[in-house]
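Colleague: Quick one: structure below, then a few questions.
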Amino acid sequence: MQHWDSLWTNLHLATMQDGYGEIRDGAIAVKDGKIAWLGARAALPANYTADTLHDGKGYWLTPGLIDCHSHIVYAGNRSDEFEARLNGVAYEEIARKGGGILSTVRATRAASEAELMQASVTRLRHLLREGVTTIEIKSGYGLDLENEAKMLRVARQIGRDYPVRIKTTFLGAHALPPEYTGRADDYLTELIEHMLPALVAEGLVDAVDAFCEKIGFSADQTERVFQAAHRHGLPVKLHAEQLSDQGGAVLTARYEGLSADHLEYLSAPGIAAMQASGTVAVLLPGAYYFLRETKLPPIAALREAGVPMALATDSNPGTSPMTSLLLAMNMGCTLFRLTPQEALQGVTQHAAKALGLQDQLGSLAAGKIADFALWAIDRPGDLAYGIGGNPCVASVFAGCLNSFT
């Protein structure tokens, strides 16, 4: 006799194994927050009991969606920069004049932890209602120990207060703080010798990131950060090749990084290095769209090389003020020419790998965490098709139901 905590029937499963991995008229059982059994309803074991039975009403069930690149913890607003760009001012010029990231740094430093939490939760709720059950949250708008810690504590608190799994990423090497103007190497020394060790000691860091770009940090400077991360046993990822080719993807692959993100200017050597290391390409069509970029990431070459491609919102105030992962999926198809199947893999299977969670999340399989999303759709491809709608009717987080209807 098999005993389960809950059993879902009268639904269709998109397991995200071998493509969509469709199982029509399926069933899925949960025990202790994990998937205990799944398959066709007709194949259910003869003898079982379940504490709770759920009627799936003919809906589709997918793995919970994963937003594997976000900056949702911040204060302030940068609509003025949006307007300036539309009036012809380049993003790099805005950054050099104290706008850009530093504008958000000033607002975030001025916000209390409670104010930062309130602002962040507003953005979070939009994602949760779209079936998102895991979010990566980066720091990088504090740029000193006190405020980076504040951001990361808020991220951790979100994971305690809401039905969402949070992975935190320390992005202290996001921009040069104003107090270190002209002294980038001195700032990195402070980051490496004081900030990172203190944040690790407080248990606030799951991974380390940097912005490797002409207006950010060089590849050599980024490598200093990666070396420090490895000394602390932390995985790395990188904002790479967004505005120019700085060799960031090759560097990330050399350190067996989880992901290289953006990648509009990714080179053939970068693709080859990522293929060899298993590094995920995280595509961020929101920033591409918002900045009116014209240089496409090399999607066909990534596909041919078998590099897994994830999708994320890149939710941030300056270049992708987007809180819809479903919209990111549609943009991935319309702007980058991904297939709907690739888009759904990009926010499930490959997004999990981009966070190092592929053994726990991202597909439906016995033994994995019971994070699901339930959708009022006719087929899985509908999730990348619609613009502005939200067919999510419920999510399940570690076996616990959250209904949105």
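Chain lettering (A, B, ...) mirrors the order of the structure tokens, residue numbering begins at 1 for each chain separately, and ligand numbering begins at 1 in order of display.
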Go through segment 231-268 of chain A residue by residue and, counting only C-alpha atoms, keep those with an atom at most 12 Å from segment 288-292 of chain A; for each kept residue give the shortest atom pair and its distance in Å to one decimal, ordered by chain and increasing number, as a Markdown table.
Modeller:
| residue | atom | partner | partner_atom | distance |
| --- | --- | --- | --- | --- |
| A:Gln242 | CA | A:Tyr288 | CA | 8.9 |
| A:Leu243 | CA | A:Tyr288 | CA | 10.2 |
| A:Asp261 | CA | A:Tyr288 | CA | 11.9 |
| A:His262 | CA | A:Tyr288 | CA | 8.4 |
| A:Leu263 | CA | A:Tyr288 | CA | 10.3 |
| A:Glu264 | CA | A:Tyr288 | CA | 8.4 |
| A:Tyr265 | CA | A:Tyr288 | CA | 11.7 |
Colleague: With C-alpha atoms retained, export the selected residues as a compact mmCIF listing (two decimals), in the first residue's frame.
Modeller:
# COMPACT_ATOMS: atom_id res chain seq x y z
CA GLN A 242 25.98 42.56 -23.31
CA LEU A 243 27.39 45.73 -24.87
CA ASP A 261 24.07 36.12 -19.13
CA HIS A 262 22.98 38.56 -21.88
CA LEU A 263 25.47 37.45 -24.59
CA GLU A 264 24.45 39.70 -27.48
CA TYR A 265 28.15 40.05 -28.44
Colleague: Env of Arg123 of chain A: 8 Å cut, atoms = only C-alpha atoms, seq-sep filter 3 positions within chain, self excluded. Answer as a list in words.
Modeller: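 Everything that qualifies: Ile72, Ala119, Ser120, His126, Leu127 and Thr323 of chain A.
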Colleague: DSSP on the backbone, then: every residue of segment 122-177 of chain A marked alpha helix (DSSP H), written as a ChimeraX atom specification.
Modeller: /A:122-128,145-161
Colleague: Leu61 of chain A: which residues within 7 Å, counting only C-alpha atoms, same-chain residues fewer than 3 positions away excluded, as a list in words?
Modeller: Leu11, His12, Leu13, Ala14, Phe372, Ala373, Leu374 and Trp375 of chain A
Colleague: Write the selection just made, keeping N, CA, C and O atoms, as a CSV table (one decimal), in the first residue's frame?
Modeller:
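Output contents, as saved in part06.csv:
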chain,number,residue,atom,x,y,z
A,11,LEU,N,-5.6,15.8,-15.3
A,11,LEU,CA,-4.8,16.9,-15.8
A,11,LEU,C,-3.8,16.3,-16.8
A,11,LEU,O,-3.7,15.1,-17.0
A,12,HIS,N,-3.1,17.2,-17.5
A,12,HIS,CA,-2.1,16.8,-18.4
A,12,HIS,C,-0.8,17.3,-17.9
A,12,HIS,O,-0.7,18.5,-17.4
A,13,LEU,N,0.3,16.5,-18.0
A,13,LEU,CA,1.6,16.9,-17.5
A,13,LEU,C,2.5,17.2,-18.7
A,13,LEU,O,2.6,16.6,-19.7
A,14,ALA,N,3.2,18.4,-18.5
A,14,ALA,CA,4.4,18.7,-19.3
A,14,ALA,C,5.6,18.5,-18.4
A,14,ALA,O,6.0,19.4,-17.6
A,372,PHE,N,5.1,23.1,-8.7
A,372,PHE,CA,4.3,23.0,-10.0
A,372,PHE,C,3.7,24.3,-10.3
A,372,PHE,O,3.5,25.1,-9.4
A,373,ALA,N,3.2,24.4,-11.5
A,373,ALA,CA,2.3,25.5,-11.9
A,373,ALA,C,1.1,24.8,-12.7
A,373,ALA,O,1.4,23.9,-13.5
A,374,LEU,N,-0.1,25.3,-12.5
A,374,LEU,CA,-1.3,24.7,-13.1
A,374,LEU,C,-1.8,25.8,-14.1
A,374,LEU,O,-2.0,27.0,-13.7
A,375,TRP,N,-2.1,25.4,-15.3
A,375,TRP,CA,-2.4,26.4,-16.4
A,375,TRP,C,-3.7,26.0,-17.1
A,375,TRP,O,-3.9,24.9,-17.5
Colleague: Neighbours of Gly100 of chain A within 12 Å (only C-alpha atoms; same-chain residues fewer than 4 positions away dropped), as a count of residues only?
Modeller: 32
Colleague: Name the closest residue to Ser320 of chain A among the candidates A:Leu238, A:Tyr48, A:Pro285, A:Asp5; distances are taken between atoms, counting only C-alpha atoms.
Modeller: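 Closest residue, counting only C-alpha atoms: A:Pro285.
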Colleague: Write out as number ranges by chain each polymer residue whose atoms come within 7 Å of segment 225-230 of chain A, counting only C-alpha atoms; drop sequence neighbours fewer than 6 positions from it.
Modeller: A: 192, 208, 236
Colleague: To test your reading of the structure, identify every residue in segment 327-378 of chain A that backbone DSSP assigns to strand (DSSP E or B), and report it as a PyMOL selection string.
Modeller: chain A and resi 369+372-375
Colleague: Keeping only all heavy atoms, write the selected residues as a PDB file, in the first residue's frame.
Modeller:
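File written: result36.pdb
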ATOM      1  N   ILE A 369      11.686  18.076  -6.097  1.00  0.00           N
ATOM      2  CA  ILE A 369      10.825  18.899  -5.261  1.00  0.00           C
ATOM      3  C   ILE A 369       9.503  19.149  -5.973  1.00  0.00           C
ATOM      4  O   ILE A 369       9.476  19.401  -7.183  1.00  0.00           O
ATOM      5  CB  ILE A 369      11.526  20.226  -4.921  1.00  0.00           C
ATOM      6  CG1 ILE A 369      12.768  19.958  -4.062  1.00  0.00           C
ATOM      7  CG2 ILE A 369      10.579  21.175  -4.188  1.00  0.00           C
ATOM      8  CD1 ILE A 369      13.630  21.179  -3.846  1.00  0.00           C
ATOM      9  N   PHE A 372       5.101  23.056  -8.744  1.00  0.00           N
ATOM     10  CA  PHE A 372       4.342  22.966  -9.987  1.00  0.00           C
ATOM     11  C   PHE A 372       3.668  24.290 -10.289  1.00  0.00           C
ATOM     12  O   PHE A 372       3.514  25.145  -9.425  1.00  0.00           O
ATOM     13  CB  PHE A 372       3.199  21.920  -9.892  1.00  0.00           C
ATOM     14  CG  PHE A 372       3.540  20.622  -9.262  1.00  0.00           C
ATOM     15  CD1 PHE A 372       2.635  19.999  -8.414  1.00  0.00           C
ATOM     16  CD2 PHE A 372       4.741  19.987  -9.532  1.00  0.00           C
ATOM     17  CE1 PHE A 372       2.924  18.782  -7.830  1.00  0.00           C
ATOM     18  CE2 PHE A 372       5.044  18.762  -8.953  1.00  0.00           C
ATOM     19  CZ  PHE A 372       4.127  18.157  -8.095  1.00  0.00           C
ATOM     20  N   ALA A 373       3.193  24.407 -11.523  1.00  0.00           N
ATOM     21  CA  ALA A 373       2.267  25.466 -11.906  1.00  0.00           C
ATOM     22  C   ALA A 373       1.148  24.837 -12.725  1.00  0.00           C
ATOM     23  O   ALA A 373       1.393  23.949 -13.548  1.00  0.00           O
ATOM     24  CB  ALA A 373       2.968  26.554 -12.710  1.00  0.00           C
ATOM     25  N   LEU A 374      -0.081  25.283 -12.488  1.00  0.00           N
ATOM     26  CA  LEU A 374      -1.263  24.738 -13.147  1.00  0.00           C
ATOM     27  C   LEU A 374      -1.835  25.805 -14.073  1.00  0.00           C
ATOM     28  O   LEU A 374      -2.034  26.957 -13.658  1.00  0.00           O
ATOM     29  CB  LEU A 374      -2.295  24.333 -12.091  1.00  0.00           C
ATOM     30  CG  LEU A 374      -3.351  23.309 -12.488  1.00  0.00           C
ATOM     31  CD1 LEU A 374      -2.688  21.968 -12.820  1.00  0.00           C
ATOM     32  CD2 LEU A 374      -4.369  23.126 -11.373  1.00  0.00           C
ATOM     33  N   TRP A 375      -2.122  25.408 -15.332  1.00  0.00           N
ATOM     34  CA  TRP A 375      -2.447  26.385 -16.374  1.00  0.00           C
ATOM     35  C   TRP A 375      -3.737  26.029 -17.099  1.00  0.00           C
ATOM     36  O   TRP A 375      -3.939  24.884 -17.498  1.00  0.00           O
ATOM     37  CB  TRP A 375      -1.320  26.427 -17.411  1.00  0.00           C
ATOM     38  CG  TRP A 375       0.043  26.599 -16.848  1.00  0.00           C
ATOM     39  CD1 TRP A 375       0.929  25.619 -16.502  1.00  0.00           C
ATOM     40  CD2 TRP A 375       0.698  27.849 -16.559  1.00  0.00           C
ATOM     41  NE1 TRP A 375       2.092  26.164 -16.028  1.00  0.00           N
ATOM     42  CE2 TRP A 375       1.983  27.532 -16.042  1.00  0.00           C
ATOM     43  CE3 TRP A 375       0.326  29.180 -16.702  1.00  0.00           C
ATOM     44  CZ2 TRP A 375       2.895  28.505 -15.671  1.00  0.00           C
ATOM     45  CZ3 TRP A 375       1.228  30.167 -16.330  1.00  0.00           C
ATOM     46  CH2 TRP A 375       2.501  29.832 -15.815  1.00  0.00           C
TER      47      TRP A 375
END
Colleague: So which one's closest to Asp314 of chain A, A:Asp32, A:Glu136, A:Glu146, A:Asp25? Using only C-alpha atoms, please.
Modeller: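 Smallest distance to Asp314 of chain A is found for A:Glu136.
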Colleague: Within 12 Å of Ser363 of chain A, counting only C-alpha atoms, which residues qualify if same-chain residues fewer than 6 places away don't, as a PDB file with C-alpha atoms, in the first residue's frame?
Modeller:
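Heads up, here's the output in selection_37.pdb:
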ATOM      1  CA  LEU A  13       1.578  16.856 -17.523  1.00  0.00           C
ATOM      2  CA  ALA A  14       4.373  18.692 -19.309  1.00  0.00           C
ATOM      3  CA  THR A  15       7.265  16.985 -17.556  1.00  0.00           C
ATOM      4  CA  MET A  16       9.920  18.919 -19.553  1.00  0.00           C
ATOM      5  CA  GLN A  17      11.892  15.724 -20.083  1.00  0.00           C
ATOM      6  CA  ASP A  18      12.591  14.911 -23.752  1.00  0.00           C
ATOM      7  CA  GLY A  19      10.968  18.093 -25.019  1.00  0.00           C
ATOM      8  CA  TYR A  20       7.626  18.926 -23.494  1.00  0.00           C
ATOM      9  CA  GLY A  21       7.433  15.366 -22.145  1.00  0.00           C
ATOM     10  CA  GLU A  22       3.647  15.350 -22.471  1.00  0.00           C
ATOM     11  CA  ILE A  35       7.191  14.040  -6.250  1.00  0.00           C
ATOM     12  CA  LEU A  38       3.766  10.457 -11.857  1.00  0.00           C
ATOM     13  CA  LEU A  61       0.651  21.095 -15.081  1.00  0.00           C
ATOM     14  CA  THR A  62       4.266  22.130 -15.609  1.00  0.00           C
ATOM     15  CA  PRO A  63       7.238  22.442 -13.284  1.00  0.00           C
ATOM     16  CA  GLY A  64       7.132  25.676 -11.314  1.00  0.00           C
ATOM     17  CA  LEU A  65       8.688  28.423 -13.403  1.00  0.00           C
ATOM     18  CA  ILE A  66      12.168  29.689 -12.493  1.00  0.00           C
ATOM     19  CA  LEU A 344       9.470  26.732 -21.725  1.00  0.00           C
ATOM     20  CA  GLN A 345      12.653  24.716 -21.272  1.00  0.00           C
ATOM     21  CA  GLY A 346      14.385  28.052 -20.706  1.00  0.00           C
ATOM     22  CA  VAL A 347      12.252  28.892 -17.662  1.00  0.00           C
ATOM     23  CA  THR A 348      12.193  25.359 -16.237  1.00  0.00           C
ATOM     24  CA  GLN A 349      14.869  22.778 -17.069  1.00  0.00           C
ATOM     25  CA  HIS A 350      17.643  25.115 -18.219  1.00  0.00           C
ATOM     26  CA  ALA A 351      16.839  27.829 -15.670  1.00  0.00           C
ATOM     27  CA  ALA A 352      17.257  25.242 -12.923  1.00  0.00           C
ATOM     28  CA  LYS A 353      20.683  24.331 -14.307  1.00  0.00           C
ATOM     29  CA  LEU A 357      19.361  23.190  -9.063  1.00  0.00           C
ATOM     30  CA  ILE A 369      10.825  18.899  -5.261  1.00  0.00           C
ATOM     31  CA  ALA A 370       7.072  19.242  -5.783  1.00  0.00           C
ATOM     32  CA  ASP A 371       7.044  22.730  -7.306  1.00  0.00           C
ATOM     33  CA  PHE A 372       4.342  22.966  -9.987  1.00  0.00           C
ATOM     34  CA  ALA A 373       2.267  25.466 -11.906  1.00  0.00           C
TER      35      ALA A 373
END
Colleague: Would you tabulate, counting only C-alpha atoms, all residues of segment 170-234 of chain A that have an atom at most 12 Å from an atom of segment 247-250 of chain A, showing the closest pair of atoms and their distance in Å to one decimal, sorted by chain then ascending number, as a Markdown table?
Modeller:
| residue | atom | partner | partner_atom | distance |
| --- | --- | --- | --- | --- |
| A:Asp209 | CA | A:Gly248 | CA | 11.3 |
| A:Ala210 | CA | A:Gly248 | CA | 9.7 |
| A:Phe211 | CA | A:Gly248 | CA | 9.1 |
| A:Cys212 | CA | A:Gly248 | CA | 6.2 |
| A:Glu213 | CA | A:Gly248 | CA | 8.4 |
| A:Lys214 | CA | A:Gly248 | CA | 11.4 |
| A:Gly216 | CA | A:Gly248 | CA | 11.7 |
| A:Phe217 | CA | A:Gly248 | CA | 10.2 |
| A:Ser218 | CA | A:Gly248 | CA | 8.7 |
| A:Ala219 | CA | A:Gly248 | CA | 6.3 |
| A:Asp220 | CA | A:Gly248 | CA | 9.8 |
| A:Gln221 | CA | A:Gly248 | CA | 11.0 |
| A:Thr222 | CA | A:Gly248 | CA | 8.4 |
| A:Glu223 | CA | A:Gly248 | CA | 9.4 |
| A:Phe226 | CA | A:Gly248 | CA | 11.4 |
Colleague: With only C-alpha atoms as the counted atoms, please give the residues lying no more than 8 Å from Ser259 of chain A, apart from itself and same-chain residues fewer than 4 positions off, as a short mmCIF file (atom, residue, chain, number, x, y, z; two decimals) with all heavy atoms, in the first residue's frame.
Modeller:
data_model
loop_
_atom_site.label_atom_id
_atom_site.label_comp_id
_atom_site.auth_asym_id
_atom_site.auth_seq_id
_atom_site.Cartn_x
_atom_site.Cartn_y
_atom_site.Cartn_z
N VAL A 236 30.17 30.75 -9.65
CA VAL A 236 30.17 32.08 -10.27
C VAL A 236 29.25 32.09 -11.48
O VAL A 236 28.92 31.06 -12.05
CB VAL A 236 31.59 32.52 -10.68
CG1 VAL A 236 32.50 32.58 -9.46
CG2 VAL A 236 32.17 31.59 -11.75
N LYS A 237 28.86 33.31 -11.84
CA LYS A 237 28.12 33.59 -13.06
C LYS A 237 28.51 34.99 -13.48
O LYS A 237 29.19 35.69 -12.73
CB LYS A 237 26.62 33.46 -12.83
CG LYS A 237 26.11 34.25 -11.63
CD LYS A 237 24.62 34.05 -11.41
CE LYS A 237 24.29 32.58 -11.27
NZ LYS A 237 22.83 32.35 -11.22
N LEU A 238 28.07 35.42 -14.67
CA LEU A 238 28.59 36.69 -15.15
C LEU A 238 27.61 37.40 -16.09
O LEU A 238 26.99 36.77 -16.95
CB LEU A 238 29.91 36.48 -15.90
CG LEU A 238 30.71 37.74 -16.27
CD1 LEU A 238 31.17 38.48 -15.04
CD2 LEU A 238 31.90 37.38 -17.16
N THR A 252 34.19 32.92 -17.72
CA THR A 252 33.21 32.21 -16.89
C THR A 252 33.33 30.71 -17.07
O THR A 252 33.29 29.95 -16.10
CB THR A 252 31.78 32.67 -17.26
OG1 THR A 252 31.71 34.09 -17.16
CG2 THR A 252 30.75 32.05 -16.33
N THR A 279 28.35 25.52 -19.12
CA THR A 279 27.81 26.80 -18.66
C THR A 279 26.54 27.14 -19.44
O THR A 279 26.51 27.05 -20.66
CB THR A 279 28.86 27.91 -18.82
OG1 THR A 279 30.00 27.58 -18.03
CG2 THR A 279 28.30 29.26 -18.40
N VAL A 280 25.50 27.57 -18.73
CA VAL A 280 24.22 27.89 -19.35
C VAL A 280 24.27 29.30 -19.93
O VAL A 280 24.82 30.22 -19.33
CB VAL A 280 23.08 27.78 -18.32
CG1 VAL A 280 21.75 28.22 -18.92
CG2 VAL A 280 22.99 26.35 -17.78
N ALA A 281 23.66 29.47 -21.09
CA ALA A 281 23.47 30.80 -21.68
C ALA A 281 22.13 31.34 -21.21
O ALA A 281 21.08 30.78 -21.54
CB ALA A 281 23.49 30.71 -23.21
N VAL A 282 22.14 32.40 -20.40
CA VAL A 282 20.90 33.00 -19.94
C VAL A 282 20.58 34.20 -20.83
O VAL A 282 21.33 35.18 -20.87
CB VAL A 282 21.00 33.44 -18.46
CG1 VAL A 282 19.71 34.15 -18.04
CG2 VAL A 282 21.25 32.23 -17.56
N ALA A 354 20.93 26.75 -14.56
CA ALA A 354 21.63 28.03 -14.41
C ALA A 354 21.79 28.42 -12.95
O ALA A 354 22.62 29.28 -12.62
CB ALA A 354 20.88 29.13 -15.16
N LEU A 355 21.02 27.80 -12.06
CA LEU A 355 21.14 28.05 -10.62
C LEU A 355 21.76 26.87 -9.89
O LEU A 355 21.82 26.87 -8.65
CB LEU A 355 19.75 28.36 -10.03
CG LEU A 355 19.06 29.61 -10.57
CD1 LEU A 355 17.71 29.79 -9.91
CD2 LEU A 355 19.92 30.85 -10.36
#
Colleague: From the options A:Ala173, A:Cys68, A:Val30, A:Leu7, which residue's atoms come nearest to Gly399 of chain A, counting only C-alpha atoms?
Modeller: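 Closest to Gly399 of chain A of all the choices is A:Val30.
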Colleague: Which is closer to Lys167 of chain A than all the others in A:Asp67, A:Glu148, A:Leu116, A:Arg224, using only C-alpha atoms?
Modeller: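 Result for the nearest residue to Lys167 of chain A: A:Asp67.
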Colleague: Looking at A:Ala27, A:Ile271, A:Ala310, A:Leu302, which one is nearest to Gln341 of chain A, with distances taken over only C-alpha atoms?
Modeller: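 Closest residue, counting only C-alpha atoms: A:Ala310.
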Colleague: Can you tell me how far atom CA of Tyr74 of chain A sits from atom CA of Met151 of chain A, in Å to one decimal?
Modeller: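 That distance, rounded to one decimal, is 7.5 Å.
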Colleague: When you count only C-alpha atoms, which of these residues is closest to Gln118 of chain A: A:Ala366, A:Glu342, A:Leu234, A:Val73?
Modeller: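 The shortest atom-to-atom distance to Gln118 of chain A comes from A:Val73.
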